[in-house]
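Enquirer: Got a structure for you, model-v4.txt, holding compact mmCIF, C-alpha atoms.
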# COMPACT_ATOMS: atom_id res chain seq x y z
CA MET W 1 12.13 -6.79 2.72
CA GLU W 2 11.98 -3.02 2.78
CA LEU W 3 9.05 -0.85 1.77
CA LYS W 4 9.77 2.62 0.42
CA PHE W 5 7.10 5.32 0.28
CA THR W 6 6.42 8.03 -2.29
CA GLY W 7 3.71 9.50 -0.04
CA ILE W 8 2.06 8.87 3.32
CA GLY W 9 -0.97 11.17 3.16
CA ALA W 10 -4.69 10.45 3.38
CA ALA W 11 -7.22 11.53 0.74
CA TYR W 12 -7.96 14.88 2.34
CA TYR W 13 -4.35 15.68 3.24
CA PRO W 14 -2.47 15.79 -0.09
CA VAL W 15 0.38 17.75 1.50
CA LEU W 16 2.02 14.42 2.35
CA GLY W 17 1.37 12.87 -1.07
CA SER W 18 -0.91 9.96 -1.93
CA ASN W 19 -0.17 7.00 0.32
CA CYS W 20 1.90 4.60 -1.78
CA ALA W 21 4.65 2.09 -1.08
CA PHE W 22 6.93 0.14 -3.37
CA PHE W 23 9.55 -2.57 -3.10
CA GLU W 24 11.89 -4.49 -5.36
CA HIS W 25 12.17 -8.28 -5.54
CA ASP W 26 13.60 -10.76 -8.02
CA ASN W 27 14.22 -8.10 -10.69
CA CYS W 28 10.65 -6.82 -10.38
CA LEU W 29 9.25 -3.52 -9.11
CA TYR W 30 6.12 -3.81 -6.97
CA LEU W 31 3.92 -0.76 -6.44
CA ILE W 32 1.13 -0.75 -3.84
CA ASP W 33 -1.61 1.57 -5.15
CA CYS W 34 -1.16 4.49 -7.52
CA GLY W 35 -2.88 7.60 -6.18
CA GLU W 36 -3.06 11.14 -7.53
CA SER W 37 0.58 12.02 -6.83
CA THR W 38 2.13 8.58 -7.38
CA PHE W 39 2.89 8.74 -11.11
CA LYS W 40 4.68 12.07 -10.72
CA ALA W 41 6.73 10.68 -7.84
CA MET W 42 7.71 7.50 -9.69
CA PHE W 43 8.39 9.42 -12.92
CA SER W 44 11.13 11.29 -11.05
CA ARG W 45 12.76 8.11 -9.75
CA ASN W 46 14.89 5.45 -11.46
CA GLU W 47 12.88 2.32 -10.64
CA ILE W 48 10.29 2.40 -13.44
CA TYR W 49 13.11 2.85 -15.94
CA ASP W 50 15.44 0.25 -14.45
CA TYR W 51 12.98 -2.64 -14.06
CA ASP W 52 11.48 -4.45 -17.03
CA ASN W 53 8.90 -6.18 -14.82
CA ILE W 54 6.47 -3.92 -12.95
CA VAL W 55 3.51 -5.01 -10.82
CA VAL W 56 0.81 -2.77 -9.31
CA LEU W 57 -1.20 -4.17 -6.39
CA LEU W 58 -4.43 -2.32 -5.58
CA THR W 59 -5.93 -2.19 -2.09
CA HIS W 60 -9.15 -0.52 -3.28
CA LEU W 61 -10.53 1.93 -5.83
CA HIS W 62 -10.79 5.28 -4.05
CA ALA W 63 -9.26 8.13 -6.04
CA ASP W 64 -6.36 8.70 -3.68
CA HIS W 65 -5.30 5.10 -4.43
CA ILE W 66 -5.88 4.92 -8.21
CA GLY W 67 -5.88 8.60 -9.24
CA SER W 68 -2.84 8.48 -11.54
CA LEU W 69 -3.00 4.78 -12.38
CA GLY W 70 -4.18 5.33 -15.96
CA SER W 71 -1.33 7.72 -16.71
CA PHE W 72 1.18 5.39 -15.08
CA LEU W 73 0.06 2.34 -17.07
CA SER W 74 -0.14 4.28 -20.33
CA PHE W 75 3.30 5.85 -19.85
CA CYS W 76 4.90 2.51 -19.07
CA LYS W 77 3.47 0.96 -22.25
CA ASN W 78 3.60 3.85 -24.72
CA VAL W 79 6.88 5.43 -23.66
CA LEU W 80 8.85 2.69 -21.92
CA ASP W 81 7.36 -0.26 -23.85
CA LYS W 82 6.70 -2.07 -20.58
CA LYS W 83 3.37 -3.79 -19.99
CA VAL W 84 2.54 -3.55 -16.28
CA LEU W 85 0.79 -6.40 -14.47
CA LEU W 86 -2.15 -4.89 -12.55
CA ALA W 87 -3.79 -6.89 -9.75
CA ALA W 88 -7.09 -6.04 -8.06
CA GLU W 89 -9.78 -8.10 -6.36
CA GLU W 90 -12.42 -7.39 -8.98
CA ASP W 91 -12.44 -6.16 -12.56
CA THR W 92 -14.23 -2.86 -11.87
CA ILE W 93 -10.89 -1.10 -12.34
CA VAL W 94 -10.74 -2.38 -15.94
CA ASN W 95 -13.98 -0.51 -16.72
CA ILE W 96 -12.78 2.62 -14.92
CA LEU W 97 -9.54 2.65 -16.90
CA ALA W 98 -11.39 2.00 -20.18
CA GLN W 99 -13.63 5.02 -19.57
CA SER W 100 -10.48 7.13 -19.38
CA GLY W 101 -9.09 5.66 -22.60
CA VAL W 102 -6.68 3.15 -21.08
CA HIS W 103 -7.63 -0.28 -22.40
CA THR W 104 -6.24 -3.73 -21.63
CA ASP W 105 -3.87 -3.60 -24.59
CA LYS W 106 -1.84 -1.22 -22.40
CA TYR W 107 -1.46 -3.55 -19.42
CA ASN W 108 -2.06 -7.07 -18.15
CA PHE W 109 -4.76 -7.62 -15.53
CA THR W 110 -5.48 -10.30 -12.95
CA THR W 111 -7.71 -10.82 -9.93
CA ASP W 112 -5.39 -13.57 -8.71
CA PHE W 113 -2.63 -12.00 -6.61
CA LYS W 114 -0.77 -15.31 -6.70
CA GLU W 115 0.14 -14.46 -10.29
CA CYS W 116 2.20 -11.59 -8.87
CA GLU W 117 4.36 -13.79 -6.65
CA ALA W 118 8.01 -14.47 -7.45
CA ASN W 119 10.83 -16.64 -6.17
CA GLY W 120 10.93 -16.24 -2.39
CA LEU W 121 7.90 -13.91 -2.28
CA SER W 122 4.35 -14.88 -1.28
CA ILE W 123 1.39 -12.48 -1.22
CA TYR W 124 -1.69 -13.03 0.97
CA VAL W 125 -4.78 -10.83 0.67
CA LYS W 126 -6.48 -9.68 3.89
CA ARG W 127 -10.05 -8.29 3.97
CA GLU W 128 -10.23 -4.80 5.48
CA SER W 129 -13.11 -2.74 6.90
CA HIS W 130 -13.07 0.57 5.05
CA ALA W 131 -15.87 1.15 2.52
CA THR W 132 -19.26 -0.50 2.09
CA ASP W 133 -19.47 -0.02 -1.67
CA MET W 134 -16.26 -1.75 -2.75
CA LEU W 135 -13.86 -4.52 -1.77
CA CYS W 136 -10.92 -3.27 0.29
CA CYS W 137 -7.87 -5.28 1.23
CA GLY W 138 -4.45 -5.25 2.81
CA PHE W 139 -1.58 -7.64 2.28
CA ILE W 140 0.76 -9.95 4.09
CA PHE W 141 4.04 -10.20 2.24
CA GLU W 142 6.21 -13.17 3.10
CA CYS W 143 9.73 -12.92 1.75
CA ASN W 144 12.33 -15.57 2.51
CA GLY W 145 10.58 -16.53 5.74
CA GLU W 146 9.95 -12.96 6.96
CA LYS W 147 6.39 -11.57 7.08
CA ILE W 148 5.24 -7.96 6.97
CA TYR W 149 1.68 -6.63 7.06
CA TYR W 150 0.41 -3.70 4.99
CA SER W 151 -3.04 -2.64 6.12
CA GLY W 152 -4.34 -0.51 3.29
CA ASP W 153 -7.20 1.74 4.42
CA THR W 154 -9.03 0.20 7.35
CA SER W 155 -10.91 0.92 10.56
CA ASN W 156 -9.60 -2.13 12.40
CA ILE W 157 -6.77 -4.61 12.70
CA PRO W 158 -7.97 -8.21 12.17
CA SER W 159 -7.47 -10.31 15.29
CA ASP W 160 -5.36 -12.89 13.48
CA ILE W 161 -3.05 -10.15 12.22
CA LEU W 162 -2.72 -8.62 15.68
CA ASN W 163 -1.99 -12.00 17.28
CA ALA W 164 0.58 -12.85 14.61
CA PHE W 165 2.26 -9.49 15.14
CA LEU W 166 2.35 -9.74 18.92
CA SER W 167 3.74 -13.28 18.74
CA GLY W 168 6.50 -12.14 16.40
CA GLU W 169 5.25 -14.13 13.40
CA ILE W 170 4.71 -10.83 11.60
CA LYS W 171 7.90 -8.82 11.96
CA THR W 172 6.73 -5.40 10.78
CA MET W 173 3.34 -3.73 10.46
CA TYR W 174 2.49 -0.81 8.17
CA GLN W 175 -0.75 0.47 9.63
CA GLU W 176 -2.95 3.31 8.48
CA CYS W 177 -3.32 6.00 11.15
CA THR W 178 -5.41 8.72 9.57
CA PHE W 179 -6.63 10.40 12.74
CA LEU W 180 -5.14 11.38 16.07
CA ASP W 181 -8.06 10.40 18.28
CA THR W 182 -11.21 10.37 16.10
CA ASP W 183 -13.23 7.15 15.95
CA SER W 184 -14.30 6.31 12.40
CA THR W 185 -16.02 3.48 10.54
CA SER W 186 -13.49 3.90 7.72
CA HIS W 187 -10.15 4.82 9.27
CA PHE W 188 -7.86 4.11 12.20
CA SER W 189 -6.66 6.47 14.91
CA LEU W 190 -3.45 6.77 16.89
CA LYS W 191 -5.52 6.57 20.07
CA LYS W 192 -6.91 3.18 19.04
CA LEU W 193 -3.46 1.96 18.00
CA CYS W 194 -2.05 2.87 21.42
CA GLU W 195 -4.80 0.87 23.10
CA ILE W 196 -3.96 -2.41 21.36
CA ILE W 197 -0.19 -2.30 20.72
CA PRO W 198 2.01 -2.62 23.84
CA TYR W 199 4.66 0.08 24.08
CA GLU W 200 7.55 -2.38 23.81
CA GLU W 201 6.28 -3.55 20.39
CA ARG W 202 5.59 -0.16 18.85
CA GLN W 203 8.95 0.29 17.09
CA ARG W 204 7.85 -2.49 14.74
CA VAL W 205 4.83 -0.46 13.59
CA TYR W 206 4.99 2.21 10.87
CA CYS W 207 2.03 4.61 10.76
CA MET W 208 0.92 5.76 7.30
CA HIS W 209 -2.04 7.38 5.48
CA LEU W 210 -1.89 10.36 7.84
CA GLY W 211 -4.73 12.86 7.82
CA ASP W 212 -2.75 15.69 9.40
CA ASP W 213 0.71 16.60 10.67
CA ILE W 214 0.68 14.09 13.52
CA ASP W 215 4.23 12.78 13.06
CA ASP W 216 5.40 14.10 16.43
CA ASP W 217 2.48 12.49 18.25
CA ILE W 218 3.16 9.17 16.52
CA VAL W 219 6.85 9.20 17.43
CA LYS W 220 6.14 10.28 21.02
CA ALA W 221 3.79 7.33 21.36
CA GLY W 222 6.63 4.99 20.37
CA PHE W 223 5.62 4.23 16.77
CA ARG W 224 7.47 5.09 13.57
CA VAL W 225 6.64 7.07 10.44
CA PRO W 226 7.92 5.95 7.02
CA LYS W 227 10.39 8.27 5.34
CA VAL W 228 9.16 9.53 1.99
CA VAL W 229 11.76 8.99 -0.73
Turn the structure described in the file into structure tokens.
Expert:
Amino acid sequence: MELKFTGIGAAYYPVLGSNCAFFEHDNCLYLIDCGESTFKAMFSRNEIYDYDNIVVLLTHLHADHIGSLGSFLSFCKNVLDKKVLLAAEEDTIVNILAQSGVHTDKYNFTTDFKECEANGLSIYVKRESHATDMLCCGFIFECNGEKIYYSGDTSNIPSDILNAFLSGEIKTMYQECTFLDTDSTSHFSLKKLCEIIPYEERQRVYCMHLGDDIDDDIVKAGFRVPKVV
């Protein structure tokens, strides 16, 4: 399966757009997060118009990951007559959306990501270390026997994920890489990524959620950067 990105920027680097990926499977559009710039980006593309079934998967509730979610859900229902299925680990997002005037008559909501699965697609939630005041997760997507890992915002790579990647069980990793060499309790750095991923495996890792123009450094280190569509 292929992930496409409408943005690869971190919260404090909006130049690259809010970090957001999407993919298509079994006549359904899947969107991972919906940050400040995401609705505008998707509005200008064909996918939200072409697909009757739309799913939004949330990694966490920081503004750069849900900033235009209300507008996106409302537009899909009021203009396109499409009721999006929204999945998050807890129902806090329902209250946030209600405070902005977007109520559950505009979308469907679940805390069970299994409800978002489709023929040939399985979704596994992975706990991430990012913020102390909210649940934060990443995902393993298994599609027709192939697994990819999407980290979400995190300050580490879980050992089971790393082992599965190095063994080849996980084919591709989309890993946040906000900083070049800064250690952080919330985010990952290219320096740390270089320390744990052998050079010969780095072409299978896409670095996202960038906090600066560090594309050249990422590519020189042997990793890849998603192309923004």
Enquirer: Fewer than 5 positions away in the same chain doesn't count, so skip those; otherwise give me all residues within 8 Å of region 129-131 of chain W, counting only C-alpha atoms, as a ChimeraX atom specification.
Expert: /W:136,153-156,185-187
Enquirer: Using the selection just defined, write its residues with C-alpha atoms as an mmCIF file, in the coordinates of the input.
Expert:
data_model
loop_
_atom_site.group_PDB
_atom_site.id
_atom_site.type_symbol
_atom_site.label_atom_id
_atom_site.label_comp_id
_atom_site.auth_asym_id
_atom_site.auth_seq_id
_atom_site.Cartn_x
_atom_site.Cartn_y
_atom_site.Cartn_z
ATOM 1 C CA CYS W 136 -10.920 -3.270 0.290
ATOM 2 C CA ASP W 153 -7.200 1.740 4.420
ATOM 3 C CA THR W 154 -9.030 0.200 7.350
ATOM 4 C CA SER W 155 -10.910 0.920 10.560
ATOM 5 C CA ASN W 156 -9.600 -2.130 12.400
ATOM 6 C CA THR W 185 -16.020 3.480 10.540
ATOM 7 C CA SER W 186 -13.490 3.900 7.720
ATOM 8 C CA HIS W 187 -10.150 4.820 9.270
#
Enquirer: If I take CA of Arg202 (chain W) and CA of Val15 (chain W), how far is one from the other in Å, to one decimal?
Expert: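 One can read the CA of Arg202 (chain W) to CA of Val15 (chain W) distance as 25.5 Å.
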Enquirer: Give me the residues near Ile197 (chain W) as a PyMOL selection string, where near means some atom within 9 Å (using only C-alpha atoms) and where sequence neighbours in that chain fewer than 6 positions away do not count.
Expert: chain W and resi 162+166+205
Enquirer: With distances taken over all atoms listed in the file, which residue among W:Ala63, W:Cys20, W:Ala118, W:Cys137 lies nearest Ala88 (chain W)?
Expert: W:Cys137
Enquirer: Could you please give me, as a PyMOL selection string, the residues of protein, DNA or RNA lying at most 7 Å from (1.3, -8.5, -19.4) in the coordinate frame of the file, considering only C-alpha atoms?
Expert: chain W and resi 83-85+107-108
Enquirer: Between CA of Asn19 (chain W) and CA of Asp33 (chain W), what is the spacing in Å?
Expert: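 Between CA of Asp33 (chain W) and CA of Asn19 (chain W) the gap works out to 7.8 Å.
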Enquirer: Give me the residues near Tyr149 (chain W) as a ChimeraX atom specification, where near means some atom within 7 Å (using only C-alpha atoms) and where sequence neighbours in that chain fewer than 5 positions away do not count.
Expert: /W:139-141,170,172-174
Enquirer: What's the 8 Å shell around Asp52 (chain W), counting all atoms listed in the file, without same-chain residues fewer than 3 positions away, as a PyMOL selection string?
Expert: chain W and resi 27-28+48-49+82
Enquirer: Between W:Gly67, W:Gly35, W:Gly120, W:Pro158, which residue has the minimum interatomic distance to Leu97 (chain W), considering all atoms listed in the file?
Expert: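 Ranking W:Gly67, W:Gly35, W:Gly120, W:Pro158 by distance to Leu97 (chain W), first place goes to W:Gly67.
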